[in-house]
Amino acid sequence: MSDAWDQKEMPFTEHLRELRARLLVAIATVGLVAVILFWPSQFAIMWMVHTYFHGITLHAFSPADVIFTEFKFSLIGGLVFGLPMVFYQIWMFVVPAVHPRTRRMVYGFIAPSFLLACAGIAFAHFLVIPHVVAALLAITDAVATPTFGVGQTIGFLLILLALFALIFQTPVVLVGLARLGIVSGAWLARYRRHALFAMAVAAGIAAPDGNPLTMALLAAPMYVLYEASIWIVLVLEKSWRRTDQTA
């Protein structure tokens, strides 16, 4: 492949104008989606409460509590569903300065990243959240009468869902770092014990109830994904070496 590639030359002021225009499009997209989701957000919140907190009534501690919760929920929804447009605008701004090989790598990561995020949300929905909520309710019932605020409760659920969507990006991140030459399969394998220890510590800190099973539910997927990343990188490194030799 030739070293000459299509870098886009333009004055600095033109870059600023293009950046402003793309930011406005991204922000407008997120805002529009948030507005559309504001009315349905109340039904989504009720579904989440019914799904994860069977028979528990949430309480509003101020007149605006529910409105603020629905606004936050719809804003997060707008950000999530508007992310493709946000990423597209960012990418179109930086792509002229990105080497074609790096562009192909980014394009190849889009579908796996989306599927892994969905897998992480599904894992949290079916395994983690029901167990964590049950454990927290058992601890609460032992010493107090549960009275949960709608804002704090929905925020707690959204954080857990987002956390696992990010945790499941581990293979994408490690493969990307390996492709850029920052890490290698051998390096990841050499430090797997250190990674396991770091994951166990992180799970112990993040587990809201201190239950060993909850810690395991947090740490296990991280380590499984780390091990899977090692094998993926080792396999891909062979094809990368062939590609680099023929480039």
# chains A, B, ... in the order shown; residues from 1 in each chain; ligands from 1
$ select_by_dssp --residues "stretch 30-192 of chain A" --states "strand (DSSP E)" --output "VMD selection string"
chain A and resid 58 to 59 148 to 149
$ residues_around --residues "A:Ile167" --least-positions-apart "3" --cutoff "10 Å" --atoms "only C-alpha atoms" --output "ChimeraX atom specification"
/A:116-117,120-121,162-164,170-171,218-219,221-222,225
$ write_last_selection --atoms "C-alpha atoms" --output "PDB file, in the first residue's frame"
ATOM      1  CA  LEU A 116     -20.994  -7.205  22.901  1.00  0.00           C
ATOM      2  CA  ALA A 117     -22.836  -4.218  24.412  1.00  0.00           C
ATOM      3  CA  GLY A 120     -23.503  -7.196  28.451  1.00  0.00           C
ATOM      4  CA  ILE A 121     -26.943  -5.648  28.944  1.00  0.00           C
ATOM      5  CA  ALA A 162     -24.291   0.677  31.416  1.00  0.00           C
ATOM      6  CA  LEU A 163     -21.487  -0.880  33.484  1.00  0.00           C
ATOM      7  CA  PHE A 164     -21.952  -4.289  31.902  1.00  0.00           C
ATOM      8  CA  THR A 170     -13.062  -5.753  26.819  1.00  0.00           C
ATOM      9  CA  PRO A 171     -12.296  -7.872  23.708  1.00  0.00           C
ATOM     10  CA  LEU A 218     -19.017  -9.110  38.384  1.00  0.00           C
ATOM     11  CA  ALA A 219     -15.527 -10.602  38.095  1.00  0.00           C
ATOM     12  CA  PRO A 221     -17.416 -12.137  32.852  1.00  0.00           C
ATOM     13  CA  MET A 222     -14.459  -9.743  32.973  1.00  0.00           C
ATOM     14  CA  LEU A 225     -13.675 -11.910  28.249  1.00  0.00           C
TER      15      LEU A 225
END
$ closest_residue --among "A:Ala138, A:Val172, A:Leu188, A:Ile67" --to "A:Gly108" --atoms "only C-alpha atoms"
A:Val172
$ closest_residue --among "A:Val173, A:Lys72, A:Gly149, A:Met85" --to "A:Leu58" --atoms "only C-alpha atoms"
A:Gly149
$ atom_distance --atom1 "atom CA of A:Trp47" --atom2 "atom CA of A:Ala216"
27.2 Å
$ select_by_dssp --residues "stretch 41-207 of chain A" --states "helix (DSSP H, G or I)" --output "NGL selection string"
:A and (41-52 or 65-97 or 100-143 or 150-167 or 170-179 or 185-190 or 192-206)
$ residues_around --residues "stretch 151-156 of chain A" --least-positions-apart "2" --cutoff "9 Å" --atoms "only C-alpha atoms" --output "PyMOL selection string"
chain A and resi 45+48-49+58-60+65-66+68-70+72-73+148-149+158-161
$ closest_residue --among "A:Thr145, A:Gln42, A:Ser62, A:Gln89" --to "A:Ala21" --atoms "only C-alpha atoms"
A:Gln89
$ residues_around --residues "stretch 127-131 of chain A" --least-positions-apart "2" --cutoff "10 Å" --atoms "only C-alpha atoms" --output "PyMOL selection string"
chain A and resi 51-53+121-125+133-137+156-157+160-161+164+213-218
$ closest_residue --among "A:Pro146, A:Pro212, A:Gly31, A:Gly55" --to "A:Val86" --atoms "only C-alpha atoms"
A:Gly31
$ residues_around --residues "A:Ile36" --least-positions-apart "4" --cutoff "9 Å" --atoms "only C-alpha atoms" --output "list in words"
Gly31, Leu32, Pro40, Ser74 and Gly78 of chain A
$ write_last_selection --atoms "N, CA and C atoms" --output "PDB file, in the first residue's frame"
ATOM      1  N   GLY A  31     -30.792  15.423  21.465  1.00  0.00           N
ATOM      2  CA  GLY A  31     -31.921  16.160  22.035  1.00  0.00           C
ATOM      3  C   GLY A  31     -33.253  15.754  21.446  1.00  0.00           C
ATOM      4  N   LEU A  32     -33.297  15.554  20.121  1.00  0.00           N
ATOM      5  CA  LEU A  32     -34.545  15.151  19.473  1.00  0.00           C
ATOM      6  C   LEU A  32     -34.991  13.774  19.934  1.00  0.00           C
ATOM      7  N   PRO A  40     -42.703   8.112  26.532  1.00  0.00           N
ATOM      8  CA  PRO A  40     -42.642   6.663  26.790  1.00  0.00           C
ATOM      9  C   PRO A  40     -41.779   6.291  27.988  1.00  0.00           C
ATOM     10  N   SER A  74     -34.910   9.717  29.776  1.00  0.00           N
ATOM     11  CA  SER A  74     -35.035  10.010  28.343  1.00  0.00           C
ATOM     12  C   SER A  74     -33.744  10.598  27.783  1.00  0.00           C
ATOM     13  N   GLY A  78     -31.724   9.081  24.864  1.00  0.00           N
ATOM     14  CA  GLY A  78     -31.345   9.868  23.704  1.00  0.00           C
ATOM     15  C   GLY A  78     -29.872   9.741  23.388  1.00  0.00           C
TER      16      GLY A  78
END
$ residues_around --residues "A:Glu18" --least-positions-apart "6" --cutoff "10 Å" --atoms "only C-alpha atoms" --output "ChimeraX atom specification"
/A:12,24,89,92-93
$ write_last_selection --atoms "C-alpha atoms" --output "compact mmCIF listing (two decimals), in the first residue's frame"
# COMPACT_ATOMS: atom_id res chain seq x y z
CA PHE A 12 -7.68 25.91 10.99
CA LEU A 24 -24.55 20.82 16.53
CA GLN A 89 -20.03 12.95 13.21
CA MET A 92 -16.28 12.05 9.74
CA PHE A 93 -14.36 14.91 11.39
$ decode --residues "stretch 36-151 of chain A" --atoms "C-alpha atoms" --output "PDB file, in the first residue's frame"
ATOM      1  CA  ILE A  36     -39.330  11.649  21.610  1.00  0.00           C
ATOM      2  CA  LEU A  37     -38.514   9.275  24.481  1.00  0.00           C
ATOM      3  CA  PHE A  38     -39.754  11.562  27.264  1.00  0.00           C
ATOM      4  CA  TRP A  39     -43.396  10.424  27.181  1.00  0.00           C
ATOM      5  CA  PRO A  40     -42.642   6.663  26.790  1.00  0.00           C
ATOM      6  CA  SER A  41     -40.036   6.877  29.583  1.00  0.00           C
ATOM      7  CA  GLN A  42     -42.727   6.590  32.255  1.00  0.00           C
ATOM      8  CA  PHE A  43     -43.783   3.209  30.877  1.00  0.00           C
ATOM      9  CA  ALA A  44     -40.160   2.037  30.629  1.00  0.00           C
ATOM     10  CA  ILE A  45     -39.583   3.047  34.249  1.00  0.00           C
ATOM     11  CA  MET A  46     -42.700   1.177  35.381  1.00  0.00           C
ATOM     12  CA  TRP A  47     -41.538  -1.881  33.444  1.00  0.00           C
ATOM     13  CA  MET A  48     -38.119  -1.783  35.099  1.00  0.00           C
ATOM     14  CA  VAL A  49     -39.671  -1.473  38.554  1.00  0.00           C
ATOM     15  CA  HIS A  50     -42.056  -4.369  37.865  1.00  0.00           C
ATOM     16  CA  THR A  51     -39.262  -6.516  36.409  1.00  0.00           C
ATOM     17  CA  TYR A  52     -36.601  -5.979  39.064  1.00  0.00           C
ATOM     18  CA  PHE A  53     -38.577  -4.937  42.170  1.00  0.00           C
ATOM     19  CA  HIS A  54     -41.599  -7.239  42.343  1.00  0.00           C
ATOM     20  CA  GLY A  55     -44.224  -5.757  44.668  1.00  0.00           C
ATOM     21  CA  ILE A  56     -42.040  -2.820  45.724  1.00  0.00           C
ATOM     22  CA  THR A  57     -43.570   0.655  45.511  1.00  0.00           C
ATOM     23  CA  LEU A  58     -41.203   3.470  44.650  1.00  0.00           C
ATOM     24  CA  HIS A  59     -41.598   6.852  46.332  1.00  0.00           C
ATOM     25  CA  ALA A  60     -41.121  10.428  45.145  1.00  0.00           C
ATOM     26  CA  PHE A  61     -39.447  12.612  47.769  1.00  0.00           C
ATOM     27  CA  SER A  62     -40.219  15.880  46.013  1.00  0.00           C
ATOM     28  CA  PRO A  63     -42.900  17.110  43.578  1.00  0.00           C
ATOM     29  CA  ALA A  64     -40.388  17.141  40.734  1.00  0.00           C
ATOM     30  CA  ASP A  65     -38.769  13.776  41.518  1.00  0.00           C
ATOM     31  CA  VAL A  66     -40.653  11.809  38.885  1.00  0.00           C
ATOM     32  CA  ILE A  67     -40.249  14.478  36.208  1.00  0.00           C
ATOM     33  CA  PHE A  68     -36.505  14.693  36.821  1.00  0.00           C
ATOM     34  CA  THR A  69     -36.215  10.901  36.732  1.00  0.00           C
ATOM     35  CA  GLU A  70     -38.125  10.699  33.450  1.00  0.00           C
ATOM     36  CA  PHE A  71     -36.014  13.534  32.052  1.00  0.00           C
ATOM     37  CA  LYS A  72     -32.789  11.772  33.070  1.00  0.00           C
ATOM     38  CA  PHE A  73     -34.051   8.468  31.684  1.00  0.00           C
ATOM     39  CA  SER A  74     -35.035  10.010  28.343  1.00  0.00           C
ATOM     40  CA  LEU A  75     -31.751  11.929  28.146  1.00  0.00           C
ATOM     41  CA  ILE A  76     -29.759   8.733  28.692  1.00  0.00           C
ATOM     42  CA  GLY A  77     -31.970   7.021  26.117  1.00  0.00           C
ATOM     43  CA  GLY A  78     -31.345   9.868  23.704  1.00  0.00           C
ATOM     44  CA  LEU A  79     -27.609   9.526  24.224  1.00  0.00           C
ATOM     45  CA  VAL A  80     -27.700   5.745  23.739  1.00  0.00           C
ATOM     46  CA  PHE A  81     -29.870   5.787  20.611  1.00  0.00           C
ATOM     47  CA  GLY A  82     -28.145   8.898  19.325  1.00  0.00           C
ATOM     48  CA  LEU A  83     -24.642   7.450  19.757  1.00  0.00           C
ATOM     49  CA  PRO A  84     -24.448   6.175  16.161  1.00  0.00           C
ATOM     50  CA  MET A  85     -24.936   9.726  14.897  1.00  0.00           C
ATOM     51  CA  VAL A  86     -22.537  11.135  17.522  1.00  0.00           C
ATOM     52  CA  PHE A  87     -19.845   8.618  16.570  1.00  0.00           C
ATOM     53  CA  TYR A  88     -20.533   9.189  12.871  1.00  0.00           C
ATOM     54  CA  GLN A  89     -20.035  12.945  13.209  1.00  0.00           C
ATOM     55  CA  ILE A  90     -16.848  12.492  15.247  1.00  0.00           C
ATOM     56  CA  TRP A  91     -15.544   9.925  12.794  1.00  0.00           C
ATOM     57  CA  MET A  92     -16.278  12.055   9.744  1.00  0.00           C
ATOM     58  CA  PHE A  93     -14.363  14.909  11.386  1.00  0.00           C
ATOM     59  CA  VAL A  94     -11.228  12.874  12.158  1.00  0.00           C
ATOM     60  CA  VAL A  95     -11.260  10.344   9.290  1.00  0.00           C
ATOM     61  CA  PRO A  96      -9.240  12.493   6.836  1.00  0.00           C
ATOM     62  CA  ALA A  97      -6.290  12.327   9.245  1.00  0.00           C
ATOM     63  CA  VAL A  98      -6.612   8.580   9.909  1.00  0.00           C
ATOM     64  CA  HIS A  99      -4.530   6.049   8.012  1.00  0.00           C
ATOM     65  CA  PRO A 100      -6.610   3.747   5.753  1.00  0.00           C
ATOM     66  CA  ARG A 101      -5.447   0.658   7.695  1.00  0.00           C
ATOM     67  CA  THR A 102      -6.712   2.179  10.947  1.00  0.00           C
ATOM     68  CA  ARG A 103      -9.987   3.102   9.242  1.00  0.00           C
ATOM     69  CA  ARG A 104     -10.559  -0.523   8.228  1.00  0.00           C
ATOM     70  CA  MET A 105      -9.843  -1.614  11.800  1.00  0.00           C
ATOM     71  CA  VAL A 106     -12.433   0.821  13.161  1.00  0.00           C
ATOM     72  CA  TYR A 107     -15.043  -0.309  10.627  1.00  0.00           C
ATOM     73  CA  GLY A 108     -14.408  -3.917  11.589  1.00  0.00           C
ATOM     74  CA  PHE A 109     -15.065  -3.172  15.268  1.00  0.00           C
ATOM     75  CA  ILE A 110     -18.506  -1.578  14.876  1.00  0.00           C
ATOM     76  CA  ALA A 111     -20.630  -4.738  14.700  1.00  0.00           C
ATOM     77  CA  PRO A 112     -18.708  -6.678  17.417  1.00  0.00           C
ATOM     78  CA  SER A 113     -18.853  -3.683  19.750  1.00  0.00           C
ATOM     79  CA  PHE A 114     -22.630  -3.370  19.322  1.00  0.00           C
ATOM     80  CA  LEU A 115     -23.214  -7.103  19.814  1.00  0.00           C
ATOM     81  CA  LEU A 116     -20.994  -7.205  22.901  1.00  0.00           C
ATOM     82  CA  ALA A 117     -22.836  -4.218  24.412  1.00  0.00           C
ATOM     83  CA  CYS A 118     -26.149  -6.043  23.873  1.00  0.00           C
ATOM     84  CA  ALA A 119     -24.661  -9.193  25.431  1.00  0.00           C
ATOM     85  CA  GLY A 120     -23.503  -7.196  28.451  1.00  0.00           C
ATOM     86  CA  ILE A 121     -26.943  -5.648  28.944  1.00  0.00           C
ATOM     87  CA  ALA A 122     -28.570  -9.083  28.602  1.00  0.00           C
ATOM     88  CA  PHE A 123     -26.134 -10.555  31.140  1.00  0.00           C
ATOM     89  CA  ALA A 124     -26.953  -7.790  33.616  1.00  0.00           C
ATOM     90  CA  HIS A 125     -30.700  -8.119  32.965  1.00  0.00           C
ATOM     91  CA  PHE A 126     -30.980 -11.884  33.370  1.00  0.00           C
ATOM     92  CA  LEU A 127     -28.268 -12.670  35.923  1.00  0.00           C
ATOM     93  CA  VAL A 128     -26.727  -9.741  37.749  1.00  0.00           C
ATOM     94  CA  ILE A 129     -29.545  -7.305  38.532  1.00  0.00           C
ATOM     95  CA  PRO A 130     -32.072  -9.910  39.815  1.00  0.00           C
ATOM     96  CA  HIS A 131     -29.460 -11.367  42.160  1.00  0.00           C
ATOM     97  CA  VAL A 132     -28.115  -8.018  43.351  1.00  0.00           C
ATOM     98  CA  VAL A 133     -31.610  -6.625  43.968  1.00  0.00           C
ATOM     99  CA  ALA A 134     -32.686  -9.775  45.840  1.00  0.00           C
ATOM    100  CA  ALA A 135     -29.570  -9.649  48.021  1.00  0.00           C
ATOM    101  CA  LEU A 136     -29.992  -5.943  48.780  1.00  0.00           C
ATOM    102  CA  LEU A 137     -33.678  -6.395  49.632  1.00  0.00           C
ATOM    103  CA  ALA A 138     -32.831  -9.253  51.984  1.00  0.00           C
ATOM    104  CA  ILE A 139     -30.226  -7.119  53.757  1.00  0.00           C
ATOM    105  CA  THR A 140     -32.631  -4.182  53.980  1.00  0.00           C
ATOM    106  CA  ASP A 141     -35.572  -6.257  55.243  1.00  0.00           C
ATOM    107  CA  ALA A 142     -33.422  -7.620  58.062  1.00  0.00           C
ATOM    108  CA  VAL A 143     -32.973  -4.219  59.665  1.00  0.00           C
ATOM    109  CA  ALA A 144     -35.397  -1.716  58.136  1.00  0.00           C
ATOM    110  CA  THR A 145     -38.525  -1.151  56.096  1.00  0.00           C
ATOM    111  CA  PRO A 146     -37.569  -0.536  52.476  1.00  0.00           C
ATOM    112  CA  THR A 147     -38.600   2.862  51.149  1.00  0.00           C
ATOM    113  CA  PHE A 148     -36.954   3.432  47.797  1.00  0.00           C
ATOM    114  CA  GLY A 149     -36.880   6.711  45.894  1.00  0.00           C
ATOM    115  CA  VAL A 150     -37.702   6.567  42.213  1.00  0.00           C
ATOM    116  CA  GLY A 151     -34.707   8.662  41.156  1.00  0.00           C
TER     117      GLY A 151
END
